[in-house]
Amino acid sequence: MASSPYMIGVDIGTTSTKAVLFEENGTIVAQGGADYPLYTPTPAIAEQDAEDIFKAVVESVKQATSKAGIKPDEILFVSFSSAMHSILPVDEHGKPLMRAMTWADNRSAEWTEALKTEMNGHEIYLRTGTPIHPMSPLTKIMWLTRDQPELFKQTHKFISMKEYVFYKLFSEYVIDHSMASATGMMNLEKLDWDEEALHVAGITPDHLSRLVPTTHLLKKGLNPEHAKEMGIADTTPFVIGASDGVLSNLGVNAIDPGVVAVTIGTSGAIRTVVDKPVTDPKGRFFCYALTEDAWVIGGPVNNGGVIFRWIRDEFAASEVETAKRLGIDPYEVLTRVAENVPPGSEGLLFHPYMTGERAPLWNPNARGSFFGLTLHHKKEHMIRAALEGVLFNLYTVMLAIEEKIGRPQKIQATGGFARSELWRQMMADIFDQDVIIPESIESSCLGAAVLGLYALGRIDSLSAVSGMIGSTHRHQPDPNSVRIYRELLPIFIRISRKFEEEYADIAAFQNKTMQK
């Protein structure tokens with residue numbers, strides 16, 4: 001094993017892969033990254049090219065090791081984080097039969113509804129922890145086995161993007177408990193594939209990879225050519241790691257009871273750690289594995305920073321021009337505009353369901369809307385209401401989690417939104433909680449690295465991460481703002497519940513119109 005304390009955490013994301021080379025104490029030495037397209041030829045399709053992602057992994061690690069200027073045998077290990085819910089059918093030679101379906105792919109919507117209403121879907125959720133939704137690999141495989149029979153005949157394995165990367169590197173099909181717990185097909189108590197879920201999907205265990213713990217090490221068989229290209233030794237241990245969500249919790253030190261992690265990037269999520277699998281009788285949150293005695297419950301939302309970007313692109317041409325003249329970020333100008341509006345946007349509410357919604361609605365047909373518009377409201381009200389709406393929606397997910405864990409002790413918040421002081425303070429006010437922003441910006445990569453240290457026995461507990469992060473901002477709730485938001489939140493929640501039929505009807509109309 002290498003004598004120098006360097007470690008690499010890799011995070012395979014929806015549109016990019018990042019590799020961060022750390023010292024053993026968590027200090028970042030060098031980083032690498034590569035982007036790739038998300039293919040969306042229709043509103044229902046969201047795909048990635050498997051080879052694009054594999055090349056991005058190799059390139060990202062290569063950049064990190066090259067920038068660091070270290071020798072190939074100075075790497076302790078490489079450990080992985082990955083986005084969840086992708087499905088890629090491959091043939092007996094490991095060749096992809098199509099592009100990978102990502103979490104955002106919606107082609108299995110009809111089978112999702114059938115699973116909910118006709119096939120005991122809720123009972124499957126209670127055992128497997130993945131809400132019944134088109135994001136779920138279970139529903140994607142239902143679509144593939146039933147609607148793509150010729151492709152199914154050729155399929156040897158259904159795998160995720162991380163499994164494809166490990167197959168390319170080690171010629172072995174393995175899936176960790178964390179990624180498997182996000183498929184809707186792994187029994188959380190048994191840590192094995194769920195018989196009923198596989199029966200509903202129309203597959204057998206042979207169609208899936210071998211289940212292993214998140215601490216599983218691959219020490220032999222690394223493809224020498226790929227190792228050389230990455231700048232590492234072909235004897236370097238690889239830790240299979242976990243999913244990006246649970247590792248983000250680890251990477252921001254949100255692993256103790258009562259500590260909640262909130263992330264807002266393009267999308268968003270809210271998560272906390274419990275010591276055994278827990279599912280929700282109402283099906284509102286997920287339960288994914290970190291280790292055998294650490295499980296992450298929470299909810300992902302589709303609509304995070306993507307809403308702010310839509311505001312910028314569609315409403316803010318003049319503000320973008322102002323930002324160019326001043327040489328600052330357009331989002332900073334928009335934030336300044338929103339600061340001129342009082343909390344609650346003077347009674348204007350925004351439901352941010354521009355891309356359907358996962359938690360808490362689990363409704364791909366949900367659509368965005370402004371509610372309460374009057375002639376008094378201006379563009380700045382709409383900007384602020386949109387930012388508030390994203391947080392209102394996340395808070396409703398928090399309410400479901402609170403029913404299981406009680407009121408949180410503190411919130412660790414990360415993601416692009418954390419660059420905005422206004423948005424950070426809004427979170428403190430809407431959640432009525434202190435909000436802490438950790439220094440660690442690549443939380444999933446750090447989480448992967450810490451899990452790797454644990455897997456190799458170099459730390460005794462995952463809580464060692466507490467010495468690797470600091471805090472850059474702390475916000476306390478403002479009592480006057482809290483009072484306003486508490487008055488508006490029930491209205492926000494009631495509207496989304498009452499619009500279920502209208503969401504379905506308008507989505508059907510939109511789909512019909514767009515297909516012409």
# chains A, B, ... in the order shown; residues from 1 in each chain; ligands from 1
$ select_by_dssp --residues "segment 197-354 of chain A" --states "strand (DSSP E)" --output "PyMOL selection string"
chain A and resi 210-212+217-218+238-243+259-264+268-274+286-291+294-301+349-351
$ write_last_selection --atoms "N, CA and C atoms" --output "short mmCIF file (atom, residue, chain, number, x, y, z; two decimals), in the first residue's frame"
data_model
loop_
_atom_site.label_atom_id
_atom_site.label_comp_id
_atom_site.auth_asym_id
_atom_site.auth_seq_id
_atom_site.Cartn_x
_atom_site.Cartn_y
_atom_site.Cartn_z
N ARG A 210 -24.01 -8.26 -8.62
CA ARG A 210 -23.80 -8.83 -7.29
C ARG A 210 -23.82 -7.73 -6.24
N LEU A 211 -24.58 -7.93 -5.18
CA LEU A 211 -24.70 -6.94 -4.10
C LEU A 211 -23.50 -7.00 -3.17
N VAL A 212 -22.94 -5.82 -2.84
CA VAL A 212 -21.80 -5.75 -1.92
C VAL A 212 -21.98 -4.55 -1.00
N LEU A 217 -13.98 -3.48 -1.31
CA LEU A 217 -12.73 -3.12 -1.97
C LEU A 217 -12.49 -4.00 -3.19
N LEU A 218 -12.05 -3.39 -4.27
CA LEU A 218 -11.57 -4.12 -5.43
C LEU A 218 -10.08 -3.84 -5.52
N PHE A 238 -9.69 0.15 -5.14
CA PHE A 238 -10.87 0.94 -5.46
C PHE A 238 -11.96 0.59 -4.45
N VAL A 239 -12.56 1.60 -3.87
CA VAL A 239 -13.68 1.42 -2.95
C VAL A 239 -14.96 1.69 -3.73
N ILE A 240 -15.89 0.75 -3.70
CA ILE A 240 -17.08 0.92 -4.54
C ILE A 240 -17.89 2.14 -4.12
N GLY A 241 -17.89 2.48 -2.82
CA GLY A 241 -18.55 3.70 -2.37
C GLY A 241 -20.06 3.60 -2.33
N ALA A 242 -20.72 4.75 -2.53
CA ALA A 242 -22.16 4.82 -2.31
C ALA A 242 -22.77 5.82 -3.29
N SER A 243 -24.02 6.19 -3.03
CA SER A 243 -24.71 7.17 -3.87
C SER A 243 -24.35 8.58 -3.44
N VAL A 259 -29.29 15.94 12.88
CA VAL A 259 -28.61 16.87 11.97
C VAL A 259 -29.14 16.61 10.56
N VAL A 260 -29.59 17.67 9.91
CA VAL A 260 -30.20 17.56 8.59
C VAL A 260 -29.32 18.26 7.55
N ALA A 261 -29.14 17.62 6.42
CA ALA A 261 -28.43 18.24 5.30
C ALA A 261 -29.43 18.68 4.24
N VAL A 262 -29.29 19.92 3.79
CA VAL A 262 -30.12 20.43 2.70
C VAL A 262 -29.19 20.86 1.57
N THR A 263 -29.44 20.36 0.38
CA THR A 263 -28.64 20.71 -0.78
C THR A 263 -29.54 21.32 -1.84
N ILE A 264 -29.12 22.45 -2.38
CA ILE A 264 -29.82 23.02 -3.53
C ILE A 264 -28.78 23.31 -4.61
N GLY A 268 -32.61 19.62 -5.83
CA GLY A 268 -32.37 19.80 -4.40
C GLY A 268 -32.71 18.54 -3.64
N ALA A 269 -32.34 18.52 -2.37
CA ALA A 269 -32.66 17.37 -1.53
C ALA A 269 -32.52 17.76 -0.07
N ILE A 270 -33.22 17.03 0.76
CA ILE A 270 -33.12 17.20 2.21
C ILE A 270 -33.04 15.81 2.81
N ARG A 271 -32.03 15.60 3.72
CA ARG A 271 -31.73 14.25 4.17
C ARG A 271 -31.23 14.26 5.61
N THR A 272 -31.47 13.15 6.32
CA THR A 272 -30.91 12.96 7.65
C THR A 272 -30.60 11.48 7.83
N VAL A 273 -29.74 11.17 8.81
CA VAL A 273 -29.28 9.79 9.02
C VAL A 273 -30.01 9.15 10.20
N VAL A 274 -30.44 7.91 10.02
CA VAL A 274 -31.04 7.11 11.09
C VAL A 274 -30.25 5.80 11.19
N PHE A 286 -37.61 8.80 0.84
CA PHE A 286 -36.82 7.63 0.50
C PHE A 286 -36.05 7.14 1.72
N CYS A 287 -35.50 5.95 1.62
CA CYS A 287 -34.58 5.41 2.61
C CYS A 287 -33.47 4.67 1.86
N TYR A 288 -32.24 5.21 1.94
CA TYR A 288 -31.11 4.64 1.21
C TYR A 288 -29.98 4.29 2.18
N ALA A 289 -29.21 3.29 1.84
CA ALA A 289 -28.14 2.81 2.71
C ALA A 289 -26.88 3.65 2.60
N LEU A 290 -26.22 3.88 3.73
CA LEU A 290 -24.85 4.38 3.76
C LEU A 290 -23.94 3.24 4.21
N THR A 291 -24.17 2.74 5.42
CA THR A 291 -23.55 1.50 5.88
C THR A 291 -24.67 0.67 6.52
N ALA A 294 -26.11 2.81 9.26
CA ALA A 294 -26.37 4.22 8.94
C ALA A 294 -27.19 4.28 7.66
N TRP A 295 -28.42 4.78 7.78
CA TRP A 295 -29.36 4.87 6.67
C TRP A 295 -29.81 6.31 6.51
N VAL A 296 -29.96 6.74 5.29
CA VAL A 296 -30.34 8.14 5.03
C VAL A 296 -31.78 8.19 4.55
N ILE A 297 -32.61 8.96 5.26
CA ILE A 297 -33.98 9.19 4.82
C ILE A 297 -34.11 10.64 4.37
N GLY A 298 -34.99 10.88 3.43
CA GLY A 298 -35.16 12.25 2.96
C GLY A 298 -35.93 12.28 1.67
N GLY A 299 -35.86 13.41 1.00
CA GLY A 299 -36.60 13.57 -0.24
C GLY A 299 -35.85 14.43 -1.23
N PRO A 300 -35.85 14.04 -2.51
CA PRO A 300 -35.26 14.87 -3.56
C PRO A 300 -36.33 15.73 -4.21
N VAL A 301 -35.98 16.94 -4.58
CA VAL A 301 -36.91 17.79 -5.33
C VAL A 301 -36.29 18.08 -6.70
N LEU A 349 -47.35 33.78 -4.01
CA LEU A 349 -46.77 32.44 -3.82
C LEU A 349 -46.39 31.85 -5.18
N PHE A 350 -45.31 31.10 -5.17
CA PHE A 350 -44.87 30.42 -6.39
C PHE A 350 -44.68 28.94 -6.09
N HIS A 351 -45.35 28.10 -6.88
CA HIS A 351 -45.14 26.66 -6.77
C HIS A 351 -44.14 26.26 -7.85
#
$ residues_around --residues "Gly304 of chain A" --least-positions-apart "5" --cutoff "12 Å" --atoms "only C-alpha atoms" --output "NGL selection string"
:A and (262-270 or 309-311 or 351-358 or 386-394 or 415-418 or 423)
$ residues_around --residues "Gly258 of chain A" --least-positions-apart "2" --cutoff "9 Å" --atoms "only C-alpha atoms" --output "PyMOL selection string"
chain A and resi 254-256+260+272-274+405-411
$ closest_residue --among "A:Gly26, A:Gly121, A:Pro134, A:Pro213" --to "Asn365 of chain A" --atoms "only C-alpha atoms"
A:Pro134
$ closest_residue --among "A:Asp147, A:Asp35, A:Glu23, A:Asp49" --to "Gly202 of chain A" --atoms "only C-alpha atoms"
A:Asp147
